[in-house]
Every structure is written in C-alpha cells, then in structure tokens.
$ cat entry.cif   # mmCIF, C-alpha atoms
data_protein
#
loop_
_atom_site.group_PDB
_atom_site.id
_atom_site.type_symbol
_atom_site.label_atom_id
_atom_site.label_comp_id
_atom_site.auth_asym_id
_atom_site.auth_seq_id
_atom_site.Cartn_x
_atom_site.Cartn_y
_atom_site.Cartn_z
ATOM 1 C CA GLU A 1 51.819 82.923 -69.547
ATOM 2 C CA THR A 2 51.704 86.119 -71.516
ATOM 3 C CA GLY A 3 54.020 87.230 -74.271
ATOM 4 C CA VAL A 4 56.200 85.370 -76.721
ATOM 5 C CA THR A 5 59.489 83.947 -75.508
ATOM 6 C CA GLN A 6 62.395 83.016 -77.761
ATOM 7 C CA SER A 7 65.536 81.100 -76.937
ATOM 8 C CA PRO A 8 68.408 81.416 -77.034
ATOM 9 C CA THR A 9 68.832 85.180 -77.249
ATOM 10 C CA HIS A 10 72.222 84.964 -78.921
ATOM 11 C CA LEU A 11 73.971 82.150 -80.729
ATOM 12 C CA ILE A 12 77.215 81.705 -82.653
ATOM 13 C CA LYS A 13 77.554 78.813 -85.087
ATOM 14 C CA THR A 14 80.071 77.701 -87.665
ATOM 15 C CA ARG A 15 79.306 77.534 -91.370
ATOM 16 C CA GLY A 16 77.888 74.121 -92.285
ATOM 17 C CA GLN A 17 76.447 73.428 -88.851
ATOM 18 C CA GLN A 18 72.784 73.054 -87.992
ATOM 19 C CA VAL A 19 70.816 75.222 -85.557
ATOM 20 C CA THR A 20 67.474 75.017 -83.769
ATOM 21 C CA LEU A 21 65.750 78.131 -82.505
ATOM 22 C CA ARG A 22 62.775 77.953 -80.161
ATOM 23 C CA CYS A 23 59.673 80.022 -79.647
ATOM 24 C CA SER A 24 57.033 79.793 -76.962
ATOM 25 C CA SER A 25 53.821 81.411 -78.177
ATOM 26 C CA GLN A 26 51.485 83.589 -76.204
ATOM 27 C CA SER A 27 48.871 81.560 -74.368
ATOM 28 C CA GLY A 28 45.897 80.764 -76.605
ATOM 29 C CA HIS A 29 47.706 81.613 -79.833
ATOM 30 C CA ASN A 30 47.593 78.764 -82.325
ATOM 31 C CA THR A 31 49.426 80.446 -85.197
ATOM 32 C CA VAL A 32 53.127 81.156 -85.211
ATOM 33 C CA SER A 33 55.209 82.758 -87.912
ATOM 34 C CA TRP A 34 58.952 83.120 -88.243
ATOM 35 C CA TYR A 35 60.903 85.993 -89.762
ATOM 36 C CA GLN A 36 64.522 86.653 -90.660
ATOM 37 C CA GLN A 37 65.772 90.182 -90.193
ATOM 38 C CA ALA A 38 69.157 91.094 -91.641
ATOM 39 C CA LEU A 39 70.937 94.122 -90.244
ATOM 40 C CA GLY A 40 69.281 97.332 -91.378
ATOM 41 C CA GLN A 41 66.414 95.570 -93.133
ATOM 42 C CA GLY A 42 62.819 94.803 -92.350
ATOM 43 C CA PRO A 43 61.855 91.270 -91.339
ATOM 44 C CA GLN A 44 61.368 88.741 -94.139
ATOM 45 C CA PHE A 45 58.701 86.067 -93.822
ATOM 46 C CA ILE A 46 60.114 82.528 -93.552
ATOM 47 C CA PHE A 47 57.018 80.425 -92.846
ATOM 48 C CA GLN A 48 53.918 80.161 -90.731
ATOM 49 C CA TYR A 49 52.329 77.279 -88.818
ATOM 50 C CA TYR A 50 48.698 76.943 -87.849
ATOM 51 C CA ARG A 51 47.626 74.056 -85.632
ATOM 52 C CA GLU A 52 50.899 72.210 -86.253
ATOM 53 C CA GLU A 53 50.768 72.463 -90.048
ATOM 54 C CA GLU A 54 52.705 74.799 -92.298
ATOM 55 C CA ASN A 55 50.218 77.089 -94.051
ATOM 56 C CA GLY A 56 52.498 79.641 -95.650
ATOM 57 C CA ARG A 57 56.092 79.937 -96.749
ATOM 58 C CA GLY A 58 58.300 82.737 -98.016
ATOM 59 C CA ASN A 59 61.238 82.545 -100.411
ATOM 60 C CA PHE A 60 63.541 80.497 -98.232
ATOM 61 C CA PRO A 61 65.274 77.252 -99.256
ATOM 62 C CA PRO A 62 64.230 73.861 -97.842
ATOM 63 C CA ARG A 63 67.125 73.874 -95.384
ATOM 64 C CA PHE A 64 64.898 76.226 -93.365
ATOM 65 C CA SER A 65 62.302 74.031 -91.717
ATOM 66 C CA GLY A 66 59.998 74.242 -88.764
ATOM 67 C CA LEU A 67 57.780 72.469 -86.335
ATOM 68 C CA GLN A 68 54.859 73.511 -84.193
ATOM 69 C CA PHE A 69 53.942 71.417 -81.183
ATOM 70 C CA PRO A 70 50.551 70.683 -79.592
ATOM 71 C CA ASN A 71 51.290 73.233 -76.864
ATOM 72 C CA TYR A 72 51.827 75.742 -79.710
ATOM 73 C CA SER A 73 55.523 76.192 -79.029
ATOM 74 C CA SER A 74 57.582 75.960 -82.187
ATOM 75 C CA GLU A 75 61.041 75.485 -83.612
ATOM 76 C CA LEU A 76 62.937 76.886 -86.551
ATOM 77 C CA ASN A 77 65.655 74.585 -87.867
ATOM 78 C CA VAL A 78 68.335 75.678 -90.285
ATOM 79 C CA ASN A 79 70.674 73.115 -91.831
ATOM 80 C CA ALA A 80 73.996 73.666 -93.565
ATOM 81 C CA LEU A 81 74.386 77.160 -92.193
ATOM 82 C CA GLU A 82 75.783 79.839 -94.480
ATOM 83 C CA LEU A 83 77.382 83.134 -93.544
ATOM 84 C CA ASP A 84 74.357 84.990 -94.969
ATOM 85 C CA ASP A 85 72.123 83.255 -92.454
ATOM 86 C CA SER A 86 73.514 85.617 -89.818
ATOM 87 C CA ALA A 87 70.501 87.653 -88.754
ATOM 88 C CA LEU A 88 67.923 88.286 -86.065
ATOM 89 C CA TYR A 89 65.230 85.604 -86.144
ATOM 90 C CA LEU A 90 61.853 86.678 -84.856
ATOM 91 C CA CYS A 91 58.780 84.681 -84.124
ATOM 92 C CA ALA A 92 55.298 86.089 -83.731
ATOM 93 C CA SER A 93 52.105 84.433 -82.574
ATOM 94 C CA THR A 94 48.454 85.156 -83.125
ATOM 95 C CA PHE A 95 45.107 83.447 -82.923
ATOM 96 C CA GLY A 96 43.753 81.887 -86.099
ATOM 97 C CA THR A 97 44.637 82.899 -89.618
ATOM 98 C CA ALA A 98 42.582 86.054 -89.933
ATOM 99 C CA ASN A 99 45.189 88.534 -88.686
ATOM 100 C CA TYR A 100 43.816 89.479 -85.303
ATOM 101 C CA GLY A 101 47.127 91.024 -84.374
ATOM 102 C CA TYR A 102 50.527 89.598 -83.639
ATOM 103 C CA THR A 103 52.651 89.401 -80.517
ATOM 104 C CA PHE A 104 56.350 89.347 -81.286
ATOM 105 C CA GLY A 105 59.210 87.770 -79.425
ATOM 106 C CA SER A 106 62.479 89.588 -78.780
ATOM 107 C CA GLY A 107 64.321 87.468 -81.288
ATOM 108 C CA THR A 108 67.378 85.247 -81.473
ATOM 109 C CA ARG A 109 70.482 86.834 -82.912
ATOM 110 C CA LEU A 110 72.353 84.202 -84.897
ATOM 111 C CA THR A 111 75.930 84.763 -86.022
ATOM 112 C CA VAL A 112 77.470 82.314 -88.469
ATOM 113 C CA VAL A 113 81.247 82.401 -88.663
ATOM 114 C CA LYS B 1 60.176 97.382 -106.211
ATOM 115 C CA ASN B 2 59.270 96.230 -102.702
ATOM 116 C CA GLU B 3 55.617 95.595 -102.012
ATOM 117 C CA VAL B 4 55.831 97.761 -98.882
ATOM 118 C CA GLU B 5 57.965 100.888 -98.854
ATOM 119 C CA GLN B 6 58.687 103.294 -96.042
ATOM 120 C CA SER B 7 60.072 106.795 -95.927
ATOM 121 C CA PRO B 8 62.235 108.249 -94.689
ATOM 122 C CA GLN B 9 64.809 105.558 -93.940
ATOM 123 C CA ASN B 10 66.394 107.678 -91.235
ATOM 124 C CA LEU B 11 64.987 110.571 -89.285
ATOM 125 C CA THR B 12 66.568 112.811 -86.652
ATOM 126 C CA ALA B 13 64.363 115.190 -84.702
ATOM 127 C CA GLN B 14 64.616 117.528 -81.733
ATOM 128 C CA GLU B 15 62.605 116.732 -78.651
ATOM 129 C CA GLY B 16 59.117 118.158 -78.979
ATOM 130 C CA GLU B 17 58.928 118.018 -82.765
ATOM 131 C CA PHE B 18 56.007 116.500 -84.655
ATOM 132 C CA ILE B 19 57.129 113.451 -86.612
ATOM 133 C CA THR B 20 55.591 111.720 -89.606
ATOM 134 C CA ILE B 21 56.643 108.358 -91.049
ATOM 135 C CA ASN B 22 55.086 107.177 -94.285
ATOM 136 C CA CYS B 23 54.276 103.747 -95.655
ATOM 137 C CA SER B 24 53.102 102.882 -99.160
ATOM 138 C CA TYR B 25 52.125 99.486 -100.462
ATOM 139 C CA SER B 26 51.567 98.227 -103.961
ATOM 140 C CA VAL B 27 49.132 95.368 -103.466
ATOM 141 C CA GLY B 28 45.688 95.002 -101.990
ATOM 142 C CA ILE B 29 45.717 94.434 -98.269
ATOM 143 C CA SER B 30 43.132 94.061 -95.564
ATOM 144 C CA ALA B 31 45.107 95.584 -92.691
ATOM 145 C CA LEU B 32 48.318 97.354 -91.905
ATOM 146 C CA HIS B 33 50.439 97.127 -88.773
ATOM 147 C CA TRP B 34 52.741 99.721 -87.278
ATOM 148 C CA LEU B 35 55.480 98.210 -85.144
ATOM 149 C CA GLN B 36 58.210 99.622 -82.946
ATOM 150 C CA GLN B 37 61.558 97.877 -82.644
ATOM 151 C CA HIS B 38 64.097 98.867 -80.009
ATOM 152 C CA PRO B 39 67.867 98.235 -80.304
ATOM 153 C CA GLY B 40 67.608 94.915 -78.457
ATOM 154 C CA GLY B 41 65.465 93.597 -81.296
ATOM 155 C CA GLY B 42 62.116 93.098 -79.600
ATOM 156 C CA ILE B 43 59.113 94.294 -81.571
ATOM 157 C CA VAL B 44 56.051 95.918 -80.066
ATOM 158 C CA SER B 45 52.834 96.183 -82.020
ATOM 159 C CA LEU B 46 51.612 99.790 -81.947
ATOM 160 C CA PHE B 47 48.589 99.716 -84.224
ATOM 161 C CA MET B 48 46.675 97.462 -86.527
ATOM 162 C CA LEU B 49 44.297 99.361 -88.788
ATOM 163 C CA SER B 50 42.227 98.719 -91.863
ATOM 164 C CA SER B 51 40.605 102.121 -92.312
ATOM 165 C CA GLY B 52 40.568 105.621 -90.915
ATOM 166 C CA LYS B 53 42.649 106.618 -87.959
ATOM 167 C CA LYS B 54 43.702 105.322 -84.560
ATOM 168 C CA LYS B 55 45.231 107.220 -81.657
ATOM 169 C CA HIS B 56 47.111 105.987 -78.629
ATOM 170 C CA GLY B 57 48.715 108.592 -76.417
ATOM 171 C CA ARG B 58 51.048 110.675 -78.552
ATOM 172 C CA LEU B 59 50.868 108.257 -81.467
ATOM 173 C CA ILE B 60 48.415 108.552 -84.333
ATOM 174 C CA ALA B 61 48.136 106.183 -87.294
ATOM 175 C CA THR B 62 46.122 106.822 -90.432
ATOM 176 C CA ILE B 63 45.437 104.745 -93.494
ATOM 177 C CA ASN B 64 43.981 105.551 -96.909
ATOM 178 C CA ILE B 65 43.045 102.277 -98.566
ATOM 179 C CA GLN B 66 42.291 103.880 -101.953
ATOM 180 C CA GLU B 67 45.701 105.545 -102.091
ATOM 181 C CA LYS B 68 47.466 102.508 -100.548
ATOM 182 C CA HIS B 69 49.178 104.740 -98.018
ATOM 183 C CA SER B 70 49.515 104.931 -94.267
ATOM 184 C CA SER B 71 51.225 107.365 -91.923
ATOM 185 C CA LEU B 72 52.419 107.176 -88.349
ATOM 186 C CA HIS B 73 52.592 110.474 -86.474
ATOM 187 C CA ILE B 74 54.292 111.175 -83.174
ATOM 188 C CA THR B 75 53.317 114.388 -81.411
ATOM 189 C CA ALA B 76 55.618 116.090 -78.902
ATOM 190 C CA SER B 77 58.421 113.617 -79.622
ATOM 191 C CA HIS B 78 60.671 112.485 -76.796
ATOM 192 C CA PRO B 79 64.106 110.802 -76.750
ATOM 193 C CA ARG B 80 62.465 107.591 -75.530
ATOM 194 C CA ASP B 81 60.625 107.458 -78.882
ATOM 195 C CA SER B 82 63.981 106.705 -80.530
ATOM 196 C CA ALA B 83 63.570 103.331 -82.222
ATOM 197 C CA VAL B 84 62.978 101.725 -85.587
ATOM 198 C CA TYR B 85 59.385 101.993 -86.777
ATOM 199 C CA ILE B 86 58.213 99.343 -89.211
ATOM 200 C CA CYS B 87 55.011 99.072 -91.174
ATOM 201 C CA ALA B 88 53.766 95.652 -92.208
ATOM 202 C CA ALA B 89 50.921 94.888 -94.579
ATOM 203 C CA TRP B 90 48.690 91.866 -94.125
ATOM 204 C CA MET B 91 48.129 89.894 -97.318
ATOM 205 C CA ASP B 92 44.837 88.012 -97.087
ATOM 206 C CA SER B 93 45.696 86.072 -100.224
ATOM 207 C CA SER B 94 48.774 84.499 -98.678
ATOM 208 C CA TYR B 95 48.114 84.817 -94.925
ATOM 209 C CA LYS B 96 51.331 86.646 -94.258
ATOM 210 C CA LEU B 97 52.780 89.965 -93.245
ATOM 211 C CA ILE B 98 55.000 91.840 -95.661
ATOM 212 C CA PHE B 99 57.312 94.245 -93.885
ATOM 213 C CA GLY B 100 58.772 97.568 -94.889
ATOM 214 C CA SER B 101 62.466 98.089 -94.274
ATOM 215 C CA GLY B 102 61.844 100.386 -91.317
ATOM 216 C CA THR B 103 62.460 104.004 -90.376
ATOM 217 C CA ARG B 104 65.210 104.646 -87.854
ATOM 218 C CA LEU B 105 64.145 107.539 -85.628
ATOM 219 C CA LEU B 106 66.485 109.414 -83.319
ATOM 220 C CA VAL B 107 65.016 112.100 -81.081
ATOM 221 C CA ARG B 108 67.630 114.362 -79.557
ATOM 222 C CA PRO B 109 67.052 116.072 -76.183
#
$ encode --input "entry.cif" --output "structure tokens"
Amino acid sequence: ETGVTQSPTHLIKTRGQQVTLRCSSQSGHNTVSWYQQALGQGPQFIFQYYREEENGRGNFPPRFSGLQFPNYSSELNVNALELDDSALYLCASTFGTANYGYTFGSGTRLTVV
Amino acid sequence: KNEVEQSPQNLTAQEGEFITINCSYSVGISALHWLQQHPGGGIVSLFMLSSGKKKHGRLIATINIQEKHSSLHITASHPRDSAVYICAAWMDSSYKLIFGSGTRLLVRP
C-alpha cells in the first residue's frame, strides 16, 4: 500500500476526554513522526518513533503519548484534552532516521469543545 | 525568533505571474523541504534539497547553505497553484523537521 493514511479525518471531543489518532505508514517506512498544526500556523513537532521506540520529542507535555507497532502503523494518544489541543494532527513516515524524505498523511482535524 | 521563517505570509498573484516565496533559517541544517498544503490539510512534498537548485515542472527551488536561505519559485502561476507553501528544515542534531509558518498563496484567474 502506498501513501500515509490517517483516521479519523475529523473528530469532536469534550474537554477532559482522551483521544487516540491513528496513522498507517507508507509501506517500508519504519519511522513515523507526528505534528500538531494550529490554524494559520506551521506544523509543530510532537514526537517521532523509529522501530517502535521514541527517538525524538518536541515541547509537548506527557499527556501526549504515542505508540508504533511492528507493522509500522502508529497511534497518537492525548489525555485530559484541553481546548487548545484543537488542531490538525499530521503524521509523516520515512525510512530510517537520515531524512530520506517524508510522506505526509492528510491529517486528523480534532476539535475540543 | 523562530528557527525557520518564511515570507511573505500571504501572497496574491494574477494568473501567469512569477512567484517567489522565501525561507530563512537560523541554525545549521543538512536539508530543507518545500511542502504544499491544500485546504483539506493534506501535505505534498515538493522538494528536498541540500544544495543548489532543483526544478520540477513550473516549480524551482534553490538553497544557499552559507546564507541559510532558500527560495521557491513558481513560473507562469495558475489558480490551481493556490495553496499554503511550507518550508521545513531538517535538524540532524535532533532528527526532526522544524517548520516555517507557511505562505498562503492565492492565484487569481
């Protein structure tokens, strides 16, 4: 399968709830990174996983956590949702850690009310 | 000051015009990406470059590592080029991409 697939495409949650976003990486890609993009801003790096281990993290609190599975699909979990968590969440996959080029998903738009 | 800065933030052009979007970065990088994001949110990678110039169709990207500056040019712009263009710098030291805030381009027919 080619391309990066994210689900769901849209999601509305209530403040305080928990959410899980999913990303299916491009075939053969063993690195996945997650980004948060607020309206009108560029994406901000949340964290990156390589071969199921986190190998990089941006300035996001611990309530943002992730998992990468042996088939290289991954999840982003956010606990205790806050209104400011409303954003587009993007995942991108690549091969290895040497920046051979990323393939981006279309994103999940999360609205916290 | 952001590590990666783009200009202009917004750009409106008439169809056929030559367009330039600029990206400056303040730290050492090994590569820079130019990305295109359409209103639905999906991002398409246009170029990844570490030196010199790359061309694909009507798009040209250049980078000057010494000056820490890159430009994306669109020749003979078309309304379908309307999108947000984002540059992202690859930080070898931290294995991550740092994004600019994007340039919103509108090409009028």
$ closest_residue --input "entry.cif" --among "A:Gly42, A:Gly66, A:Arg22, A:Asp85" --to "chain B" --atoms "all atoms listed in the file"
A:Gly42
$ resolve_selection --input "entry.cif" --expression "the PyMOL selection byres ((chain A) within 12 of (chain B))" --output "PyMOL selection string"
chain A and resi 3-6+9-10+31-50+54-58+87-94+96-109
$ atom_distance --input "entry.cif" --atom1 "CA of Tyr72 in chain A" --atom2 "CA of Arg51 in chain A"
7.5 Å
$ resolve_selection --input "entry.cif" --expression "the PyMOL selection byres ((chain A and resi 61) around 12)" --output "list in words"
Ile46, Phe47, Arg57, Gly58, Asn59, Phe60, Pro62, Arg63, Phe64, Ser65, Asn77, Val78, Asn79, Ala80, Leu81, Glu82 and Asp85 of chain A
$ atom_distance --input "entry.cif" --atom1 "CA of Pro79 in chain B" --atom2 "CA of Leu106 in chain B"
7.1 Å
$ atom_distance --input "entry.cif" --atom1 "CA of Glu67 in chain B" --atom2 "CA of Ile21 in chain B"
15.8 Å
$ residues_around --input "entry.cif" --residues "Lys53 in chain B" --least-positions-apart "3" --cutoff "9 Å" --atoms "all atoms listed in the file" --output "PyMOL selection string"
chain B and resi 49-50+60-63
$ resolve_selection --input "entry.cif" --expression "the PyMOL selection byres ((chain B and resi 12) around 12)" --output "list in words"
Pro8, Gln9, Asn10, Leu11, Ala13, Gln14, Glu15, Gly16, Glu17, Phe18, Ile19, Thr20, Ile21, Ser77, His78, Pro79, Asp81, Ser82, Ala83, Val84, Thr103, Arg104, Leu105, Leu106, Val107, Arg108 and Pro109 of chain B
$ closest_residue --input "entry.cif" --among "A:Thr14, A:Leu110, A:Ser86, A:Glu52" --to "Ser74 in chain A" --atoms "only C-alpha atoms"
A:Glu52
$ axis_aligned_box --input "entry.cif" --around "range 72-85 of chain B" --padding-each-side "8 Å" --output "JSON"
{"center_x": 58.3, "center_y": 108.9, "center_z": -81.9, "size_x": 27.7, "size_y": 30.4, "size_z": 28.8}
$ residues_around --input "entry.cif" --residues "Leu59 in chain B" --least-positions-apart "3" --cutoff "10 Å" --atoms "all atoms listed in the file" --output "PDB file with C-alpha atoms, in the coordinates of the input"
ATOM      1  CA  ILE B  19      57.129 113.451 -86.612  1.00  0.00           C
ATOM      2  CA  LEU B  46      51.612  99.790 -81.947  1.00  0.00           C
ATOM      3  CA  PHE B  47      48.589  99.716 -84.224  1.00  0.00           C
ATOM      4  CA  LYS B  54      43.702 105.322 -84.560  1.00  0.00           C
ATOM      5  CA  LYS B  55      45.231 107.220 -81.657  1.00  0.00           C
ATOM      6  CA  HIS B  56      47.111 105.987 -78.629  1.00  0.00           C
ATOM      7  CA  LEU B  72      52.419 107.176 -88.349  1.00  0.00           C
ATOM      8  CA  HIS B  73      52.592 110.474 -86.474  1.00  0.00           C
ATOM      9  CA  ILE B  74      54.292 111.175 -83.174  1.00  0.00           C
ATOM     10  CA  THR B  75      53.317 114.388 -81.411  1.00  0.00           C
ATOM     11  CA  ALA B  76      55.618 116.090 -78.902  1.00  0.00           C
ATOM     12  CA  SER B  77      58.421 113.617 -79.622  1.00  0.00           C
TER      13      SER B  77
END
$ decode --input "entry.cif" --residues "range 4-16 of chain A" --atoms "all heavy atoms" --output "tab-separated table (two decimals), in the first residue's frame"
chain	number	residue	atom	x	y	z
A	4	VAL	N	0.32	7.52	3.08
A	4	VAL	CA	0.11	7.50	4.51
A	4	VAL	C	-1.37	7.77	4.76
A	4	VAL	O	-1.92	8.73	4.23
A	4	VAL	CB	0.98	8.57	5.21
A	4	VAL	CG1	0.63	8.65	6.68
A	4	VAL	CG2	2.45	8.24	5.02
A	5	THR	N	-1.98	6.94	5.56
A	5	THR	CA	-3.41	7.06	5.83
A	5	THR	C	-3.63	7.39	7.29
A	5	THR	O	-3.05	6.74	8.17
A	5	THR	CB	-4.12	5.73	5.51
A	5	THR	OG1	-3.82	5.36	4.16
A	5	THR	CG2	-5.63	5.88	5.64
A	6	GLN	N	-4.46	8.40	7.56
A	6	GLN	CA	-4.79	8.76	8.93
A	6	GLN	C	-6.29	8.61	9.18
A	6	GLN	O	-7.10	8.83	8.28
A	6	GLN	CB	-4.39	10.22	9.21
A	6	GLN	CG	-2.89	10.42	9.24
A	6	GLN	CD	-2.52	11.82	9.72
A	6	GLN	OE1	-1.92	12.59	8.98
A	6	GLN	NE2	-2.89	12.16	10.95
A	7	SER	N	-6.60	8.22	10.41
A	7	SER	CA	-8.01	8.11	10.77
A	7	SER	C	-8.22	8.51	12.23
A	7	SER	O	-7.31	8.33	13.06
A	7	SER	CB	-8.50	6.67	10.56
A	7	SER	OG	-7.80	5.77	11.39
A	8	PRO	N	-9.38	9.07	12.57
A	8	PRO	CA	-10.40	9.52	11.62
A	8	PRO	C	-9.97	10.80	10.93
A	8	PRO	O	-8.94	11.38	11.28
A	8	PRO	CB	-11.61	9.73	12.52
A	8	PRO	CG	-11.01	10.16	13.83
A	8	PRO	CD	-9.72	9.39	13.96
A	9	THR	N	-10.77	11.30	10.01
A	9	THR	CA	-10.42	12.56	9.35
A	9	THR	C	-10.85	13.75	10.20
A	9	THR	O	-10.18	14.79	10.21
A	9	THR	CB	-11.06	12.65	7.96
A	9	THR	OG1	-12.46	12.42	8.09
A	9	THR	CG2	-10.46	11.64	7.02
A	10	HIS	N	-11.97	13.59	10.88
A	10	HIS	CA	-12.47	14.65	11.76
A	10	HIS	C	-12.94	14.02	13.06
A	10	HIS	O	-13.42	12.89	13.07
A	10	HIS	CB	-13.66	15.41	11.13
A	10	HIS	CG	-13.32	16.17	9.91
A	10	HIS	ND1	-13.25	15.59	8.67
A	10	HIS	CD2	-13.01	17.49	9.74
A	10	HIS	CE1	-12.93	16.51	7.77
A	10	HIS	NE2	-12.77	17.67	8.39
A	11	LEU	N	-12.83	14.80	14.13
A	11	LEU	CA	-13.20	14.28	15.44
A	11	LEU	C	-13.56	15.44	16.36
A	11	LEU	O	-12.85	16.46	16.37
A	11	LEU	CB	-12.00	13.51	16.00
A	11	LEU	CG	-12.15	12.58	17.17
A	11	LEU	CD1	-13.21	11.53	16.89
A	11	LEU	CD2	-10.82	11.90	17.44
A	12	ILE	N	-14.63	15.29	17.10
A	12	ILE	CA	-15.00	16.28	18.11
A	12	ILE	C	-15.00	15.61	19.46
A	12	ILE	O	-15.62	14.55	19.65
A	12	ILE	CB	-16.39	16.90	17.82
A	12	ILE	CG1	-16.39	17.59	16.45
A	12	ILE	CG2	-16.78	17.88	18.92
A	12	ILE	CD1	-17.74	18.12	16.03
A	13	LYS	N	-14.30	16.20	20.42
A	13	LYS	CA	-14.20	15.65	21.77
A	13	LYS	C	-14.50	16.76	22.78
A	13	LYS	O	-14.39	17.95	22.47
A	13	LYS	CB	-12.79	15.11	22.03
A	13	LYS	CG	-12.48	13.80	21.29
A	13	LYS	CD	-13.20	12.66	21.94
A	13	LYS	CE	-12.67	11.34	21.49
A	13	LYS	NZ	-13.36	10.22	22.18
A	14	THR	N	-14.81	16.32	23.97
A	14	THR	CA	-15.09	17.25	25.07
A	14	THR	C	-13.84	17.43	25.93
A	14	THR	O	-13.08	16.47	26.13
A	14	THR	CB	-16.25	16.73	25.91
A	14	THR	OG1	-17.38	16.53	25.06
A	14	THR	CG2	-16.61	17.70	27.02
A	15	ARG	N	-13.66	18.62	26.43
A	15	ARG	CA	-12.53	18.90	27.32
A	15	ARG	C	-12.46	17.86	28.44
A	15	ARG	O	-13.48	17.52	29.05
A	15	ARG	CB	-12.71	20.29	27.91
A	15	ARG	CG	-11.50	20.82	28.67
A	15	ARG	CD	-11.66	22.27	29.03
A	15	ARG	NE	-12.95	22.55	29.65
A	15	ARG	CZ	-13.34	23.76	30.02
A	15	ARG	NH1	-12.55	24.81	29.79
A	15	ARG	NH2	-14.51	23.95	30.58
A	16	GLY	N	-11.25	17.37	28.70
A	16	GLY	CA	-11.05	16.36	29.74
A	16	GLY	C	-11.05	14.94	29.21
A	16	GLY	O	-10.56	14.02	29.89
